[in-house]
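Have a look at the structure below before the remarks.
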Amino acid sequence: MSPRSRLSRHCCIAAIAVLAVSSWADAQTGSSVARSPVDEANPLVGTAPLDIPELIGNAPPPGEPVYSGITSAGARLPHSATEAAPVNVNLELSYPNGVPAPYIYPNPSMIGFTGGGGPSYGGRAQPMIMPVVGDWTVPPAYSQSYYDKAREIASPGYYSVYLNTFHTEVELTATASASLMQFTFPASQRSNLIVNLRRSGGEVEIVGNNMVRGIAAEDGDREHDRGKYFVAEFSKPFARFGTFQGLTDRKGWGIGDADVEAGRRIIKGAFAGGYLTFTTKAGDRVLMRIAHGTSYADAAARLHKELPDWNFARVHADAKAAWAMLLDKARVTGGTAKQRMLFYSTLFQSFASPRLIAAKGETFTDTKGRVQTATYDRYGPVPFWDTGRNQIVLMELMEPAVIQNVMRSELDMARERGYMNTSFHGDNAVFMYLGAWKRGIPFDYASVYEYLRRNATDPKGPRGYLAEYQRQGWIADEIPTGNPSPPYAGGKAGAATTLEYAWDDAAMAEYADKLGKRDDARMFRQRSLNYRNVFDPSTGFVRGRTADGKWIAPFDPQEPYYNFMMKEASGWSTLWLVPHDVAGLEQALGGRDKFNVKLDRFFATPYTPKGICRDCTGMIGQYVQGNQPDQHAPYLYAWSGQPWKTQAITRRILDTLYGSDASGYGYPGMDDQGATSSWYAMSAMGFYPVDPSSDVYVLGSPVFDDVKLRLGNGRTLEIQARGNSPTNVYIQSATMNGRVWTKPWFSHADIKDGATLVLQMGPKPNHAWGSAITDAPPSLSTTSPTLPAP
């Protein structure tokens, strides 16, 4: 790092520190006005990228932007499958990130708005709606507008923006199944609304003088589970109309040609759409309500049930109230204004998934393409590799009734498909079920086991390379032609996948034990040690092996391999992916002292790989906050007798890797439907579930003086951080319900009936507190004496 960049960084950090101390002082003197949780939350948080070079590693590749959190700024309800959202990325012409994120905060012009699809990567949502005053163009050459950032407002259940180019204000809100949009136009004879499908097209029809409906063509994603039909109605009749399509198969100027015809009512094809022209006076409002369904009748029924009139204020108030009910379950005091904003904003974003597909009594399309009527609230798939690591635990704490329906939905999807859903290179569904079981959430857990076991034992199931894993206890990788560094994108991610399966198997062993299936429990417990088979003691790292068992060379633990040996991570990041047996990993690394030295090096070794990992941003040494594989690593010092280092590092992550950009909305990497948000929300409260299948929460360093978290059973977990400040980040002592507490963790049994944890904070580490071997959290190697030695 050059002296100039060091100075710039130090000045930036100093400025942030001064602002933090000033804001903290305001909070302590009571000069700041208390706001309700729902008013603190800002959905723009997570829509921007980090911008301090030291924090973003060597990303992005040339020609691509730095990843934002890829969260949504749109209006929605918790877990809603419907969202009214802004779109300022023309995904039809470019694909700037690894997922179709429709909104990136720094982008200066608006493409349109969507009223369908889910909040998870809503770039697939259909149709697109754009108000255009005057001339307009046929998509994908959208008529864009500059918009005023100073007049952009986002709050839970509401979004508004002023389109400077067209002198038009747009306001969005939503119900569970429908979206409501309000457009305030200037005086014009040509105030248009453009409504169109995406490239995959379909059919659009204009009905009468106040309705547009359509059928979206299948396009290979899962956005049609609520139905491919949409119905949109308008509060004011349009004066003129027509339909259009983009002729993408013709060679023309750049993107192709267009077919536009005034007065035509039906059109089929790519970008099929209609234009609706209104005559407006200055300040005239045109509202549009839209819903989706498995047929036109189904979509219309949902629309009229949830939006029976045009009362925008009422719908907005109802949406805000729904969010207030959820966010009010977490009450915090102290901290800075920015920390409170980030906390409630990340808590808000934590509930982006799983999506409610159909409320009880509504129709939906199941995994076999059949139209069904929901007999309970049916949810979409859980992204187990992402939110299954942390957000599911937050839901188990705050929304046990929702989790019951999510578990039932996953079980029914397994019955439809024959196997439990999974994602990426892990299995991980067992984490949700075992974690919920340990937290006392009622469910027929025995009925799930058949499918969990089938995933774990049937080579024809969704666990890739399972036969190889069962046969030899690890998954090999092929050496690519040429030098595998910089990272090779192909491959089996053999080392990382072995670790993921071993973690899954540890949970399966406990699950089988709880059901009294002793033989299965022994089998899975033995398999849970397979992580040892890809640990290379000569280098002290997890490492890939070829089919003949040899270690893959060359091997550079700093390289962020995508699928070669590792999964979206380097050897440094992947090393810690043994949450079920941290004590066993300690032994493999040579004991507590050497484990701590290695973990210290992990956070201190400069990040200088040749290859680029697009969403590997949010750096502290080799640690990557912006991706899942190592997000639990800061908490591992609880096992190794140095919990004060967890306290310092988690505070550093919370202070510098969220909102440290110019906008204050930046995230490391991508949120992955609530995963990175949940990390912040729980860590800011002072705890984190390193292994979501366990009932253990590891302590960090809360940023607030007082946290009151209302659990699903109505009881309250209160965490008091006495003497807390930006410098007093270290726990000096603790009590739980008045009893001396020396453990840097607590179990769900400790808090399930309500609890008060009091932490005395100070400016220097207390090396004695929480450091005894007997105070370490449980681990497979310490709780299963029958395990063989490594």
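Numbering starts fresh at 1 for the residues of each chain in the structure tokens, the chains themselves are lettered A, B, ... in the order given, and ligands are numbered from 1 as they appear.
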Neighbouring residues of Tyr275 in chain A were defined as those with any atom within 12 Å, considering only C-alpha atoms; residues of the same chain fewer than 3 positions away were excluded. Please report them as an NGL selection string.
:A and (128-139 or 190-196 or 204-206 or 209-212 or 238-245 or 260-267 or 272 or 278)
I'd like the contact shell of Lys708 in chain A - 6 Å cut-off, only C-alpha atoms, skipping same-chain residues fewer than 5 positions apart - returned as a VMD selection string.
chain A and resid 330 to 331 717 to 718
Counting only C-alpha atoms, which residue out of A:Phe343, A:Trp639, A:Phe271, A:Phe234 sits closest to Gly770 in chain A?
A:Trp639
Strand (DSSP E or B) residues, from DSSP on the backbone, in range 203-416 of chain A, as a ChimeraX atom specification:
/A:203-207,211-216,229-234,240-247,253,256-262,266-269,273-280,285-293,330-333,356-358,363-365,371-373,378-379
Considering only C-alpha atoms, can you say which of A:Phe535, A:Tyr469, A:Trp572, A:Tyr103 comes closest to Gly584 in chain A?
A:Phe535
One number please: CA of Glu83 in chain A to CA of Ala178 in chain A, in Å, one decimal.
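Straight-line distance from CA of Glu83 in chain A to CA of Ala178 in chain A works out to 7.8 Å.
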